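Remarks on the structure that follows.
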Amino acid sequence: MLKQGIIQDVRARQVLDSRGTPTVEACVTLENGVQGRGICPSGASTGAYEAVELRDSNSGKYGGYGVQHAITNVNTVIAGELMGKNVLDQQSVDDRMVQLDGTSDKSNLGANALLAVSIAAARAGAAFLGEPLYRYIGGISARRLPIPMMNVLNGGAHAANNLDIQEFMLVPLGAPSFHEGLRWGCEVYRALRGILREKGLSVSLGDEGGFAPDLKNDEEAIELLLQAVETAGYKPGTDFLLALDVAAAGWQNGEEYRMPKRGVSYTPGELVKHWINLCARYPICSLEDPLGEDDWAGWKKLTGELKNIGNYQIVGDDLFVTQAARLRQGAENGCGNAIIIKPNQVGTLSETLQTVRLAKQVGYRVVVSHRSGDTEDAFIADLAVSVNAPFIKTGAPARSERIAKYNRLCAIEEELMYIHS
Ligand code: PGA
Ligand code: ZN
């Protein structure tokens, strides 16, 4: 008997993300009663080229951030089109939604509507076949756990402190397994809290669960992380390397870059030099969005210069927005050598996988990522394993929307270890 997971119903509802902002949850129900759910996350330092998150901007509710229009789109247009279709054909499900939307930026139906349904369809398909989600998406080759890039100090648009760099991350590159790396990261996070307390600095948290103290400068932030690594009994440079997400698109001010909090300005050339100096002084292995999303020339210059001095990962987030066309442009011009994968930047799972395939073809490393406004949906944990992503960004080991992904990855690791033992 050939199997067909026929879609009987598609429903959406408004739920809340980790900032108390509404977002879309979708549920796909199959004829045999099997269901799958998906929730769309939401960014704060959103790239200009991301697919559009549809919001009820003219409503007085939730300050105009409601998503009732997106929900209506799921319950009417999208549901009407998908009912009776086979959920196992994820590509067709996603293609139909993209066609129905009909715009290049998903502004008609909303990328938040599309992604919630796309994730829900994948989960329904996996449940229908009785497979774990990561294996349903990635098949038998899905077997590698990502290394966590843990964002333990928050700045930029994610915190009300005086740091302009958005994320200071710990990368446990020396750890022998995912769960050991996670443990190491938790221990350093705890040590960092102790150091901040001792210094009389704030231990309040930013949007991704990292601490958000006011500090003298970015160098002090880096030095605090290194001190915490040592206090916890690890070696900076071998056990742990550091990663930064600058989110410099938010610094662009005409031809120059202006740090919004400190008010310091750089020309693109000066900013490139600044990053090269910082990489030379500290054990940094990865720099994300060190330049703005339209500064292809700056990206090319920095990528070329860093290549000459070491093996650095230069990651495009707002630059590529998980979209194949922008990644191709970057690869052709020598801009960066890695890409952030955030499914809601493009709108569907199939388009996300298409971008991941291209990244592998052009030799760019993949970093699967959460959003600063996230939820209990741990979809990206399964996604990261399904594509054998070398890295995942899902915040500090704090707050349940971040921990949900870490916990899911531990469960997947255990399952894979059992299978491969
Ligand atoms: P965002 O931040 O989710 O607010 O866009 C995450 C990132 O820039 O990587
Ligand atoms: Zn980023």
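Chain labels follow the order of the structure tokens: the first chain is A, the next B, and so on; residue numbering restarts at 1 in every chain, and ligands are counted from 1 in their shown order.
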Selection: 9 Å around Ala221 in chain A, only C-alpha atoms, excl. self and same-chain fewer than 4 positions, as a PyMOL selection string: chain A and resi 153+163+168+215-217+225-226
Let's have the selection written as a CSV table (one decimal), in the first residue's frame, with C-alpha atoms.
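As written to disk, again31.csv reads:
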```csv
chain,number,residue,atom,x,y,z
A,153,LEU,CA,26.7,38.6,26.8
A,163,LEU,CA,27.3,47.7,24.2
A,168,PHE,CA,29.4,37.8,22.5
A,215,LEU,CA,30.9,48.0,30.4
A,216,LYS,CA,33.7,50.4,29.4
A,217,ASN,CA,34.0,49.0,25.9
A,225,LEU,CA,34.4,36.1,28.7
A,226,LEU,CA,38.0,34.9,28.7
```
Exercise: Ala338 in chain A partners within 8 Å, only C-alpha atoms, chain neighbours under 6 positions left out, as a ChimeraX atom specification: /A:313-316,359,364-367
For ligand 1, the nearest of the candidates A:Ala113, A:Val246, A:Ile147, A:Val67, counting only C-alpha atoms and all ligand atoms: A:Val246
Run DSSP on the backbone and grab whatever in range 125-249 of chain A lands in alpha helix (DSSP H); send it over as a tab-separated table (two decimals) with all heavy atoms, in the first residue's frame.
```tsv
chain	number	residue	atom	x	y	z
A	125	GLY	N	4.10	15.31	8.65
A	125	GLY	CA	4.68	14.28	7.78
A	125	GLY	C	5.54	13.30	8.57
A	125	GLY	O	5.45	12.09	8.40
A	126	ALA	N	6.38	13.87	9.46
A	126	ALA	CA	7.26	13.03	10.27
A	126	ALA	C	6.43	12.12	11.18
A	126	ALA	O	6.71	10.92	11.31
A	126	ALA	CB	8.20	13.90	11.10
A	127	ALA	N	5.40	12.70	11.79
A	127	ALA	CA	4.55	11.91	12.70
A	127	ALA	C	3.81	10.83	11.93
A	127	ALA	O	3.66	9.70	12.41
A	127	ALA	CB	3.56	12.84	13.43
A	128	PHE	N	3.36	11.17	10.73
A	128	PHE	CA	2.63	10.21	9.90
A	128	PHE	C	3.49	8.97	9.61
A	128	PHE	O	3.02	7.84	9.65
A	128	PHE	CB	2.21	10.87	8.58
A	128	PHE	CG	1.42	9.98	7.67
A	128	PHE	CD1	0.08	9.73	7.89
A	128	PHE	CD2	2.04	9.38	6.57
A	128	PHE	CE1	-0.64	8.89	7.04
A	128	PHE	CE2	1.33	8.54	5.72
A	128	PHE	CZ	-0.01	8.30	5.95
A	129	LEU	N	4.78	9.22	9.34
A	129	LEU	CA	5.68	8.10	9.03
A	129	LEU	C	6.32	7.51	10.29
A	129	LEU	O	7.07	6.54	10.20
A	129	LEU	CB	6.77	8.56	8.06
A	129	LEU	CG	6.30	8.95	6.66
A	129	LEU	CD1	7.48	9.35	5.80
A	129	LEU	CD2	5.53	7.81	5.99
A	133	LEU	N	11.77	14.13	13.54
A	133	LEU	CA	11.75	15.22	12.56
A	133	LEU	C	13.08	15.38	11.84
A	133	LEU	O	13.13	15.57	10.62
A	133	LEU	CB	11.37	16.52	13.28
A	133	LEU	CG	11.16	17.76	12.43
A	133	LEU	CD1	10.13	17.55	11.34
A	133	LEU	CD2	10.75	18.94	13.32
A	134	TYR	N	14.20	15.30	12.58
A	134	TYR	CA	15.49	15.51	11.92
A	134	TYR	C	15.75	14.46	10.85
A	134	TYR	O	16.31	14.75	9.80
A	134	TYR	CB	16.64	15.54	12.96
A	134	TYR	CG	16.88	14.22	13.66
A	134	TYR	CD1	17.74	13.27	13.12
A	134	TYR	CD2	16.22	13.92	14.85
A	134	TYR	CE1	17.94	12.04	13.77
A	134	TYR	CE2	16.41	12.72	15.49
A	134	TYR	CZ	17.25	11.78	14.95
A	134	TYR	OH	17.44	10.58	15.57
A	135	ARG	N	15.30	13.21	11.10
A	135	ARG	CA	15.54	12.17	10.10
A	135	ARG	C	14.54	12.26	8.96
A	135	ARG	O	14.87	11.96	7.81
A	135	ARG	CB	15.51	10.78	10.75
A	135	ARG	CG	16.10	9.75	9.79
A	135	ARG	CD	16.26	8.36	10.38
A	135	ARG	NE	16.85	8.36	11.67
A	135	ARG	CZ	16.32	7.74	12.73
A	135	ARG	NH1	15.18	7.09	12.63
A	135	ARG	NH2	16.92	7.78	13.90
A	136	TYR	N	13.31	12.70	9.26
A	136	TYR	CA	12.33	12.91	8.20
A	136	TYR	C	12.86	13.94	7.20
A	136	TYR	O	12.76	13.77	5.98
A	136	TYR	CB	11.01	13.41	8.82
A	136	TYR	CG	9.95	13.77	7.81
A	136	TYR	CD1	9.30	12.77	7.07
A	136	TYR	CD2	9.59	15.09	7.59
A	136	TYR	CE1	8.33	13.09	6.15
A	136	TYR	CE2	8.61	15.43	6.67
A	136	TYR	CZ	7.98	14.42	5.95
A	136	TYR	OH	7.02	14.75	5.03
A	137	ILE	N	13.48	15.02	7.71
A	137	ILE	CA	14.00	16.07	6.82
A	137	ILE	C	15.32	15.65	6.18
A	137	ILE	O	15.54	15.85	4.99
A	137	ILE	CB	14.19	17.40	7.60
A	137	ILE	CG1	12.84	17.90	8.15
A	137	ILE	CG2	14.82	18.46	6.70
A	137	ILE	CD1	12.97	19.09	9.10
A	138	GLY	N	16.21	15.06	6.97
A	138	GLY	CA	17.58	14.83	6.50
A	138	GLY	C	17.91	13.42	6.08
A	138	GLY	O	18.99	13.19	5.53
A	178	PHE	N	28.35	17.01	21.89
A	178	PHE	CA	27.43	18.13	22.08
A	178	PHE	C	27.14	18.36	23.55
A	178	PHE	O	27.25	19.48	24.06
A	178	PHE	CB	26.12	17.90	21.30
A	178	PHE	CG	25.13	18.99	21.58
A	178	PHE	CD1	25.25	20.23	20.97
A	178	PHE	CD2	24.13	18.82	22.54
A	178	PHE	CE1	24.39	21.26	21.28
A	178	PHE	CE2	23.25	19.85	22.85
A	178	PHE	CZ	23.39	21.07	22.21
A	179	HIS	N	26.77	17.29	24.27
A	179	HIS	CA	26.35	17.51	25.66
A	179	HIS	C	27.51	17.98	26.54
A	179	HIS	O	27.31	18.74	27.49
A	179	HIS	CB	25.63	16.28	26.24
A	179	HIS	CG	26.50	15.09	26.48
A	179	HIS	ND1	26.74	14.15	25.51
A	179	HIS	CD2	27.19	14.70	27.57
A	179	HIS	CE1	27.56	13.21	26.00
A	179	HIS	NE2	27.84	13.53	27.25
A	180	GLU	N	28.74	17.56	26.21
A	180	GLU	CA	29.88	18.05	26.98
A	180	GLU	C	30.11	19.54	26.68
A	180	GLU	O	30.37	20.33	27.59
A	180	GLU	CB	31.14	17.24	26.63
A	180	GLU	CG	31.18	15.88	27.32
A	180	GLU	CD	31.38	15.99	28.82
A	180	GLU	OE1	32.53	16.05	29.26
A	180	GLU	OE2	30.36	16.05	29.54
A	181	GLY	N	30.01	19.92	25.43
A	181	GLY	CA	30.16	21.34	25.06
A	181	GLY	C	29.11	22.19	25.75
A	181	GLY	O	29.39	23.30	26.22
A	182	LEU	N	27.90	21.65	25.83
A	182	LEU	CA	26.82	22.37	26.49
A	182	LEU	C	27.13	22.53	27.98
A	182	LEU	O	26.97	23.62	28.56
A	182	LEU	CB	25.50	21.60	26.29
A	182	LEU	CG	24.24	22.22	26.87
A	182	LEU	CD1	23.95	23.59	26.23
A	182	LEU	CD2	23.04	21.29	26.68
A	183	ARG	N	27.61	21.45	28.59
A	183	ARG	CA	27.98	21.52	30.01
A	183	ARG	C	29.08	22.56	30.21
A	183	ARG	O	28.99	23.41	31.11
A	183	ARG	CB	28.46	20.15	30.51
A	183	ARG	CG	29.00	20.19	31.94
A	183	ARG	CD	29.30	18.80	32.48
A	183	ARG	NE	30.43	18.14	31.84
A	183	ARG	CZ	31.72	18.35	32.16
A	183	ARG	NH1	32.03	19.23	33.09
A	183	ARG	NH2	32.67	17.69	31.53
A	184	TRP	N	30.12	22.51	29.40
A	184	TRP	CA	31.20	23.48	29.51
A	184	TRP	C	30.65	24.91	29.43
A	184	TRP	O	31.02	25.79	30.21
A	184	TRP	CB	32.22	23.30	28.38
A	184	TRP	CG	33.04	22.06	28.39
A	184	TRP	CD1	32.85	20.93	29.15
A	184	TRP	CD2	34.19	21.81	27.58
A	184	TRP	NE1	33.80	20.00	28.84
A	184	TRP	CE2	34.64	20.51	27.89
A	184	TRP	CE3	34.87	22.55	26.61
A	184	TRP	CZ2	35.75	19.94	27.26
A	184	TRP	CZ3	35.98	21.99	25.99
A	184	TRP	CH2	36.41	20.70	26.32
A	185	GLY	N	29.76	25.12	28.46
A	185	GLY	CA	29.19	26.46	28.27
A	185	GLY	C	28.38	26.90	29.48
A	185	GLY	O	28.45	28.06	29.90
A	186	CYS	N	27.62	25.97	30.06
A	186	CYS	CA	26.83	26.30	31.26
A	186	CYS	C	27.75	26.66	32.42
A	186	CYS	O	27.46	27.58	33.20
A	186	CYS	CB	25.94	25.12	31.66
A	186	CYS	SG	24.64	24.79	30.48
A	187	GLU	N	28.86	25.94	32.53
A	187	GLU	CA	29.79	26.22	33.63
A	187	GLU	C	30.44	27.60	33.46
A	187	GLU	O	30.61	28.33	34.44
A	187	GLU	CB	30.86	25.11	33.70
A	187	GLU	CG	30.27	23.78	34.19
A	187	GLU	CD	31.20	22.58	34.03
A	187	GLU	OE1	32.37	22.78	33.62
A	187	GLU	OE2	30.75	21.46	34.31
A	188	VAL	N	30.79	27.94	32.25
A	188	VAL	CA	31.39	29.25	32.00
A	188	VAL	C	30.34	30.36	32.23
A	188	VAL	O	30.65	31.42	32.78
A	188	VAL	CB	32.00	29.33	30.59
A	188	VAL	CG1	32.54	30.74	30.32
A	188	VAL	CG2	33.10	28.30	30.41
A	189	TYR	N	29.12	30.08	31.81
A	189	TYR	CA	28.03	31.05	32.01
A	189	TYR	C	27.85	31.35	33.50
A	189	TYR	O	27.73	32.49	33.93
A	189	TYR	CB	26.75	30.47	31.41
A	189	TYR	CG	25.53	31.36	31.49
A	189	TYR	CD1	25.39	32.49	30.68
A	189	TYR	CD2	24.48	31.04	32.36
A	189	TYR	CE1	24.26	33.28	30.75
A	189	TYR	CE2	23.34	31.82	32.42
A	189	TYR	CZ	23.24	32.94	31.61
A	189	TYR	OH	22.10	33.72	31.68
A	190	ARG	N	27.89	30.27	34.30
A	190	ARG	CA	27.76	30.43	35.75
A	190	ARG	C	28.95	31.21	36.32
A	190	ARG	O	28.79	32.09	37.17
A	190	ARG	CB	27.70	29.03	36.39
A	190	ARG	CG	27.61	29.02	37.89
A	190	ARG	CD	27.51	27.58	38.39
A	190	ARG	NE	26.20	27.01	38.07
A	190	ARG	CZ	25.18	27.00	38.92
A	190	ARG	NH1	25.31	27.50	40.12
A	190	ARG	NH2	24.03	26.49	38.58
A	191	ALA	N	30.15	30.91	35.81
A	191	ALA	CA	31.36	31.62	36.28
A	191	ALA	C	31.25	33.10	35.91
A	191	ALA	O	31.63	33.98	36.70
A	191	ALA	CB	32.60	31.01	35.64
A	192	LEU	N	30.72	33.37	34.72
A	192	LEU	CA	30.58	34.77	34.28
A	192	LEU	C	29.63	35.53	35.20
A	192	LEU	O	29.88	36.68	35.57
A	192	LEU	CB	30.08	34.78	32.83
A	192	LEU	CG	29.89	36.14	32.18
A	192	LEU	CD1	31.21	36.94	32.16
A	192	LEU	CD2	29.37	35.99	30.74
A	193	ARG	N	28.55	34.87	35.60
A	193	ARG	CA	27.61	35.51	36.52
A	193	ARG	C	28.33	35.89	37.82
A	193	ARG	O	28.18	37.01	38.33
A	193	ARG	CB	26.43	34.60	36.82
A	193	ARG	CG	25.36	35.29	37.69
A	193	ARG	CD	24.38	34.30	38.31
A	193	ARG	NE	23.45	33.79	37.33
A	193	ARG	CZ	23.32	32.51	37.03
A	193	ARG	NH1	24.08	31.60	37.62
A	193	ARG	NH2	22.44	32.12	36.14
A	194	GLY	N	29.14	34.97	38.33
A	194	GLY	CA	29.87	35.23	39.56
A	194	GLY	C	30.83	36.40	39.42
A	194	GLY	O	30.92	37.26	40.32
A	195	ILE	N	31.53	36.47	38.30
A	195	ILE	CA	32.50	37.56	38.07
A	195	ILE	C	31.76	38.91	37.99
A	195	ILE	O	32.19	39.91	38.59
A	195	ILE	CB	33.30	37.29	36.78
A	195	ILE	CG1	34.20	36.07	36.97
A	195	ILE	CG2	34.12	38.51	36.37
A	195	ILE	CD1	34.82	35.54	35.69
A	196	LEU	N	30.66	38.92	37.28
A	196	LEU	CA	29.90	40.18	37.14
A	196	LEU	C	29.41	40.64	38.51
A	196	LEU	O	29.50	41.82	38.86
A	196	LEU	CB	28.72	39.99	36.18
A	196	LEU	CG	29.08	39.72	34.71
A	196	LEU	CD1	27.83	39.38	33.90
A	196	LEU	CD2	29.76	40.94	34.08
A	197	ARG	N	28.89	39.69	39.30
A	197	ARG	CA	28.40	40.02	40.65
A	197	ARG	C	29.52	40.60	41.50
A	197	ARG	O	29.34	41.62	42.17
A	197	ARG	CB	27.89	38.76	41.35
A	197	ARG	CG	26.49	38.42	40.99
A	197	ARG	CD	25.72	37.90	42.22
A	197	ARG	NE	24.36	37.64	41.82
A	197	ARG	CZ	23.89	36.42	41.54
A	197	ARG	NH1	24.65	35.36	41.68
A	197	ARG	NH2	22.64	36.27	41.15
A	198	GLU	N	30.67	39.93	41.46
A	198	GLU	CA	31.83	40.38	42.24
A	198	GLU	C	32.24	41.80	41.89
A	198	GLU	O	32.65	42.57	42.74
A	198	GLU	CB	33.00	39.46	41.89
A	198	GLU	CG	33.73	38.87	43.06
A	198	GLU	CD	34.62	37.76	42.56
A	198	GLU	OE1	35.57	38.06	41.81
A	198	GLU	OE2	34.33	36.59	42.89
A	218	ASP	N	33.94	47.23	24.21
A	218	ASP	CA	33.77	45.85	23.74
A	218	ASP	C	34.93	44.96	24.20
A	218	ASP	O	34.74	43.76	24.42
A	218	ASP	CB	33.68	45.83	22.21
A	218	ASP	CG	32.45	46.59	21.73
A	218	ASP	OD1	31.44	46.61	22.46
A	218	ASP	OD2	32.52	47.18	20.64
A	219	GLU	N	36.11	45.54	24.31
A	219	GLU	CA	37.27	44.77	24.76
A	219	GLU	C	37.02	44.23	26.17
A	219	GLU	O	37.38	43.09	26.49
A	219	GLU	CB	38.56	45.61	24.74
A	219	GLU	CG	39.14	45.84	23.35
A	219	GLU	CD	38.42	46.92	22.55
A	219	GLU	OE1	37.41	47.48	23.05
A	219	GLU	OE2	38.87	47.22	21.44
A	220	GLU	N	36.42	45.04	27.03
A	220	GLU	CA	36.14	44.57	28.39
A	220	GLU	C	35.20	43.36	28.35
A	220	GLU	O	35.36	42.40	29.12
A	220	GLU	CB	35.54	45.70	29.25
A	220	GLU	CG	35.43	45.27	30.71
A	220	GLU	CD	34.76	46.28	31.63
A	220	GLU	OE1	34.19	47.28	31.15
A	220	GLU	OE2	34.80	46.05	32.85
A	221	ALA	N	34.22	43.42	27.45
A	221	ALA	CA	33.28	42.29	27.33
A	221	ALA	C	34.05	41.02	26.96
A	221	ALA	O	33.85	39.95	27.57
A	221	ALA	CB	32.24	42.60	26.26
A	222	ILE	N	34.93	41.14	25.99
A	222	ILE	CA	35.71	39.98	25.54
A	222	ILE	C	36.58	39.46	26.69
A	222	ILE	O	36.66	38.25	26.94
A	222	ILE	CB	36.58	40.36	24.32
A	222	ILE	CG1	35.68	40.63	23.12
A	222	ILE	CG2	37.61	39.27	24.01
A	222	ILE	CD1	36.38	41.20	21.91
A	223	GLU	N	37.20	40.39	27.43
A	223	GLU	CA	38.07	39.96	28.53
A	223	GLU	C	37.28	39.28	29.66
A	223	GLU	O	37.76	38.33	30.27
A	223	GLU	CB	38.91	41.14	29.02
A	223	GLU	CG	40.16	41.27	28.16
A	223	GLU	CD	40.81	42.63	28.15
A	223	GLU	OE1	40.57	43.40	29.11
A	223	GLU	OE2	41.55	42.92	27.19
A	224	LEU	N	36.08	39.73	29.89
A	224	LEU	CA	35.23	39.07	30.90
A	224	LEU	C	34.92	37.63	30.50
A	224	LEU	O	34.95	36.72	31.33
A	224	LEU	CB	33.93	39.85	31.08
A	224	LEU	CG	34.02	41.12	31.94
A	224	LEU	CD1	32.76	41.96	31.79
A	224	LEU	CD2	34.23	40.75	33.41
A	225	LEU	N	34.65	37.44	29.21
A	225	LEU	CA	34.37	36.08	28.74
A	225	LEU	C	35.60	35.19	28.93
A	225	LEU	O	35.50	34.05	29.39
A	225	LEU	CB	33.98	36.09	27.25
A	225	LEU	CG	32.50	35.92	26.93
A	225	LEU	CD1	31.67	37.06	27.51
A	225	LEU	CD2	32.24	35.82	25.44
A	226	LEU	N	36.76	35.72	28.59
A	226	LEU	CA	37.99	34.93	28.72
A	226	LEU	C	38.27	34.59	30.19
A	226	LEU	O	38.67	33.47	30.52
A	226	LEU	CB	39.18	35.68	28.10
A	226	LEU	CG	39.05	35.91	26.58
A	226	LEU	CD1	40.19	36.77	26.07
A	226	LEU	CD2	38.99	34.58	25.82
A	227	GLN	N	38.03	35.58	31.06
A	227	GLN	CA	38.22	35.36	32.50
A	227	GLN	C	37.27	34.26	32.99
A	227	GLN	O	37.66	33.39	33.77
A	227	GLN	CB	37.96	36.68	33.23
A	227	GLN	CG	38.44	36.69	34.66
A	227	GLN	CD	38.03	37.98	35.38
A	227	GLN	OE1	37.79	39.02	34.75
A	227	GLN	NE2	37.93	37.91	36.70
A	228	ALA	N	36.03	34.31	32.51
A	228	ALA	CA	35.04	33.30	32.93
A	228	ALA	C	35.45	31.91	32.45
A	228	ALA	O	35.29	30.92	33.17
A	228	ALA	CB	33.66	33.67	32.39
A	229	VAL	N	35.99	31.83	31.23
A	229	VAL	CA	36.45	30.54	30.70
A	229	VAL	C	37.52	29.97	31.63
A	229	VAL	O	37.47	28.79	32.03
A	229	VAL	CB	37.02	30.72	29.26
A	229	VAL	CG1	37.80	29.48	28.82
A	229	VAL	CG2	35.89	31.02	28.27
A	230	GLU	N	38.46	30.83	32.04
A	230	GLU	CA	39.56	30.35	32.91
A	230	GLU	C	39.04	30.00	34.30
A	230	GLU	O	39.42	28.98	34.88
A	230	GLU	CB	40.66	31.40	32.98
A	230	GLU	CG	41.45	31.39	31.69
A	230	GLU	CD	42.57	32.41	31.64
A	230	GLU	OE1	42.53	33.38	32.43
A	230	GLU	OE2	43.46	32.25	30.79
A	231	THR	N	38.16	30.85	34.84
A	231	THR	CA	37.60	30.59	36.17
A	231	THR	C	36.90	29.23	36.21
A	231	THR	O	36.97	28.51	37.21
A	231	THR	CB	36.61	31.70	36.56
A	231	THR	OG1	37.28	32.95	36.46
A	231	THR	CG2	36.06	31.52	37.97
```
Expected selection as a ChimeraX atom specification for ligand 1 within 10 Å, only C-alpha atoms and all ligand atoms: /A:41-47,50,151,156-158,166-167,207-208,244-249,288-289,315-318,321,340-342,344-345,367-374,393-395
Interatomic distance, CA of Arg281 in chain A to CA of Phe240 in chain A (Å, one decimal): 15.3 Å
Residue among A:Ile71, A:Ile380, A:Leu115, A:Leu287 lying closest to ligand 2, counting only C-alpha atoms and all ligand atoms: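 Ranked by minimum distance to ligand 2, first place goes to A:Leu287.
Residue nearest Pro148 in chain A, chosen from A:Ala124, A:Cys410, A:Ile165, A:Ile78 and counting only C-alpha atoms: A:Cys410.
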Those of range 141-370 of chain A in DSSP strand (DSSP E or B), formatted as a VMD selection string: chain A and resid 147 to 154 167 to 171 205 211 236 240 to 245 252 to 253 256 to 258 265 to 266 284 to 288 313 to 316 338 to 341 365 to 369
Among the residues A:Phe320, A:Tyr62, A:Phe211, A:Trp299, the one that comes closest to ligand 2 [using only C-alpha atoms and all ligand atoms]: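 Nearest candidate to ligand 2 out of A:Phe320, A:Tyr62, A:Phe211, A:Trp299: A:Phe320.
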